[in-house]
$ cat query_28.txt   # compact mmCIF, C-alpha atoms
# COMPACT_ATOMS: atom_id res chain seq x y z
CA MET N 36 -17.60 -8.86 16.43
CA LEU N 37 -15.28 -8.30 13.51
CA ASN N 38 -14.07 -5.04 11.99
CA ARG N 39 -11.30 -5.76 9.49
CA VAL N 40 -10.36 -3.94 6.29
CA VAL N 41 -7.72 -5.00 3.77
CA LEU N 42 -7.07 -2.71 0.80
CA VAL N 43 -4.59 -2.47 -2.06
CA GLY N 44 -4.42 0.76 -4.00
CA ARG N 45 -2.40 3.80 -4.99
CA LEU N 46 -1.87 6.97 -2.99
CA THR N 47 -3.86 9.84 -4.51
CA LYS N 48 -1.42 12.42 -3.08
CA ASP N 49 1.60 12.52 -0.80
CA PRO N 50 0.77 11.40 2.77
CA ASP N 51 0.06 14.27 5.20
CA LEU N 52 2.36 13.70 8.20
CA ARG N 53 1.69 15.69 11.37
CA TYR N 54 2.42 15.35 15.06
CA THR N 55 0.08 15.57 18.04
CA PRO N 56 0.94 18.02 20.84
CA ASN N 57 2.48 15.02 22.67
CA GLY N 58 4.77 14.31 19.70
CA VAL N 59 2.95 11.25 18.29
CA ALA N 60 3.21 10.96 14.51
CA VAL N 61 -0.01 10.62 12.50
CA ALA N 62 -0.37 10.45 8.71
CA ASN N 63 -3.59 10.94 6.79
CA PHE N 64 -3.75 9.59 3.25
CA THR N 65 -6.21 8.55 0.58
CA ILE N 66 -5.85 5.52 -1.65
CA ALA N 67 -7.61 4.83 -4.93
CA VAL N 68 -8.86 1.25 -5.09
CA ASN N 69 -10.18 -0.10 -8.39
CA ARG N 70 -13.56 -1.77 -8.31
CA PRO N 71 -13.56 -5.42 -9.43
CA PHE N 72 -15.90 -4.78 -12.37
CA SER N 73 -16.17 -2.44 -15.35
CA ASN N 74 -18.81 0.23 -15.86
CA GLN N 75 -21.05 0.52 -18.95
CA GLN N 76 -18.27 2.26 -20.86
CA GLY N 77 -15.90 -0.64 -20.15
CA ASN N 78 -13.78 1.35 -17.70
CA ARG N 79 -13.03 0.46 -14.09
CA ASP N 80 -14.25 2.94 -11.52
CA ALA N 81 -12.24 3.50 -8.37
CA ASP N 82 -13.16 4.24 -4.79
CA PHE N 83 -11.15 6.87 -2.92
CA ILE N 84 -10.74 5.71 0.66
CA ASN N 85 -9.52 7.95 3.47
CA CYS N 86 -7.05 6.31 5.86
CA VAL N 87 -5.00 7.24 8.91
CA VAL N 88 -1.93 5.57 10.41
CA TRP N 89 -0.09 6.37 13.64
CA ARG N 90 3.44 6.42 15.10
CA ARG N 91 6.44 4.88 13.28
CA PRO N 92 4.39 3.44 10.38
CA ALA N 93 3.09 6.99 9.76
CA GLU N 94 6.64 8.35 9.52
CA ASN N 95 7.72 5.46 7.28
CA LEU N 96 4.79 6.00 4.95
CA ALA N 97 5.52 9.72 4.63
CA ASN N 98 9.26 9.15 4.16
CA TYR N 99 9.14 6.33 1.60
CA MET N 100 5.87 6.61 -0.32
CA LYS N 101 4.38 9.41 -2.42
CA LYS N 102 1.52 10.12 -4.80
CA GLY N 103 0.99 7.12 -7.09
CA SER N 104 2.76 4.58 -4.85
CA LEU N 105 1.11 1.17 -4.59
CA ILE N 106 0.44 0.18 -0.98
CA GLY N 107 -1.48 -2.38 1.03
CA VAL N 108 -3.44 -1.33 4.11
CA ASP N 109 -4.58 -3.63 6.90
CA GLY N 110 -6.77 -2.07 9.55
CA ARG N 111 -10.27 -1.34 10.77
CA LEU N 112 -13.10 0.95 9.78
CA GLN N 113 -13.82 3.80 12.21
CA THR N 114 -16.37 6.60 12.35
CA ARG N 115 -16.11 9.85 14.26
CA THR N 116 -17.76 13.25 14.41
CA PHE N 117 -16.59 16.76 15.12
CA GLU N 118 -17.99 20.26 14.88
CA GLY N 119 -16.96 22.06 11.71
CA LYS N 120 -16.00 25.74 11.46
CA ASP N 121 -19.55 26.53 10.41
CA GLY N 122 -20.90 24.94 13.60
CA LYS N 123 -22.36 21.90 11.80
CA THR N 124 -21.54 18.34 12.82
CA VAL N 125 -19.14 16.63 10.40
CA PHE N 126 -19.24 12.84 10.09
CA VAL N 127 -16.03 11.05 9.08
CA THR N 128 -15.56 7.41 8.11
CA GLU N 129 -11.96 6.26 7.63
CA VAL N 130 -9.72 3.23 7.80
CA VAL N 131 -7.40 3.23 10.81
CA ALA N 132 -4.40 1.27 9.55
CA ASP N 133 -2.71 -1.26 11.81
CA SER N 134 -0.06 -1.75 9.14
CA VAL N 135 0.84 -0.34 5.74
CA GLN N 136 2.79 -2.49 3.30
CA PHE N 137 4.91 -0.92 0.57
CA LEU N 138 4.13 -2.93 -2.56
CA GLU N 139 6.72 -1.22 -4.73
CA SER N 140 10.01 0.47 -4.05
CA LYS N 141 10.34 4.22 -3.64
CA GLY N 142 10.15 5.93 -7.02
CA SER N 143 9.20 2.86 -9.06
CA SER N 144 5.75 4.29 -9.86
CA GLN N 145 7.66 6.90 -11.84
CA SER N 146 10.87 6.47 -13.80
CA SER N 147 13.35 7.58 -11.15
CA GLY N 148 16.80 6.03 -11.08
CA GLN N 149 17.73 7.27 -7.62
CA GLN N 150 18.63 4.76 -4.94
CA SER N 151 18.73 6.61 -1.68
CA SER N 152 17.59 4.07 0.88
CA GLY N 153 18.48 0.60 2.01
CA TYR N 154 14.79 -0.30 1.69
CA GLN N 155 14.78 0.56 -2.01
CA GLN N 156 18.04 -1.26 -2.64
CA ASN N 157 16.64 -4.40 -1.01
CA GLN N 158 13.46 -4.11 -3.09
CA ASN N 159 15.51 -3.71 -6.28
CA GLN N 160 17.60 -6.75 -5.37
CA ASN N 161 14.43 -8.75 -4.80
CA GLN N 162 13.02 -7.59 -8.15
CA ASN N 163 16.25 -8.52 -9.95
CA GLN N 164 16.27 -11.92 -8.24
CA ASN N 165 12.63 -12.47 -9.20
CA GLN N 166 13.38 -11.55 -12.82
CA THR N 167 16.29 -14.00 -12.86
CA ASN N 168 14.09 -16.74 -11.41
CA GLN N 169 11.37 -16.00 -13.96
CA ASN N 170 13.89 -16.22 -16.82
CA GLN N 171 15.14 -19.55 -15.50
CA ASN N 172 11.59 -20.85 -15.24
CA GLN N 173 10.87 -19.85 -18.83
CA ASN N 174 13.72 -22.08 -20.00
CA GLU N 175 12.40 -25.17 -18.19
CA GLU N 176 10.45 -27.60 -20.35
CA GLU N 177 8.10 -28.69 -17.53
CA PRO N 178 6.97 -25.68 -15.50
CA PHE N 179 4.74 -27.86 -13.24
CA LYS N 180 7.20 -30.65 -12.58
CA ASN N 181 6.84 -30.30 -8.77
CA ASN N 182 3.47 -32.09 -9.06
CA GLY N 183 1.84 -29.77 -6.54
CA GLU N 184 4.60 -30.09 -3.96
CA PRO N 185 5.24 -27.01 -1.78
CA ILE N 186 7.69 -24.50 -3.22
CA ASP N 187 10.47 -22.77 -1.32
CA ILE N 188 9.54 -19.08 -1.14
CA SER N 189 10.55 -16.42 1.34
CA ASP N 190 7.96 -14.24 3.10
CA ASP N 191 9.88 -11.26 1.68
CA ASP N 192 8.85 -12.31 -1.84
CA LEU N 193 5.14 -12.24 -1.06
CA PRO N 194 3.27 -9.02 -1.97
CA PHE N 195 1.18 -9.07 1.23
$ encode --input "query_28.txt" --output "structure tokens"
Amino acid sequence: MLNRVVLVGRLTKDPDLRYTPNGVAVANFTIAVNRPFSNQQGNRDADFINCVVWRRPAENLANYMKKGSLIGVDGRLQTRTFEGKDGKTVFVTEVVADSVQFLESKGSSQSSGQQSSGYQQNQNQNQNQNQTNQNQNQNEEEPFKNNGEPIDISDDDLPF
């Protein structure tokens, strides 16, 4: 049996961080994920997917990401039911995230020049290093001179 979900999208609103009576952090959030095709008007529709993440990753998500932030979610699909205030059964389908990856630094989805965290400073350094590497590559006459040989790249530079 396999139940695996991998999503990349943008937060539709700030994550909702709460704590259980036992003090365990839980964050609910919704991400907008573009469909891989265009509709009849030539626009891309999006799906709005409800997600939940627990413990430290929940706190990190709420502290570092906000509406519009690009994130990656790796988890599983889960269904549950509960009785609503009107006495009717409510069915919920959501992604329970095992991990949430921050695919852009805090504030980069909007033009904010604040650098308040070590995480953001590291991301900015990585972006600056990537821009420098791209500029150097543009000056090379043979961009494919490695002939398919493996390249030296850090896991930190991968977007997933």
$ closest_residue --input "query_28.txt" --among "N:Phe83, N:Phe72, N:Trp89, N:Phe117" --to "Thr55 (chain N)" --atoms "only C-alpha atoms"
N:Trp89
$ atom_distance --input "query_28.txt" --atom1 "CA of Leu138 (chain N)" --atom2 "CA of Val61 (chain N)"
20.7 Å
$ closest_residue --input "query_28.txt" --among "N:Asp133, N:Glu139, N:Asp80, N:Asp51" --to "Gly110 (chain N)" --atoms "all atoms listed in the file"
N:Asp133
$ residues_near_point --input "query_28.txt" --point "(-4.7, 6.4, 5.7)" --cutoff "9 Å" --atoms "all atoms listed in the file" --output "ChimeraX atom specification"
/N:50,62-66,84-88,93,108,129-132,135
$ closest_residue --input "query_28.txt" --among "N:Thr114, N:Ala67, N:Glu94, N:Gly44" --to "Ala81 (chain N)" --atoms "only C-alpha atoms"
N:Ala67
$ atom_distance --input "query_28.txt" --atom1 "CA of Leu96 (chain N)" --atom2 "CA of Val40 (chain N)"
18.2 Å
$ atom_distance --input "query_28.txt" --atom1 "CA of Arg70 (chain N)" --atom2 "CA of Arg39 (chain N)"
18.4 Å
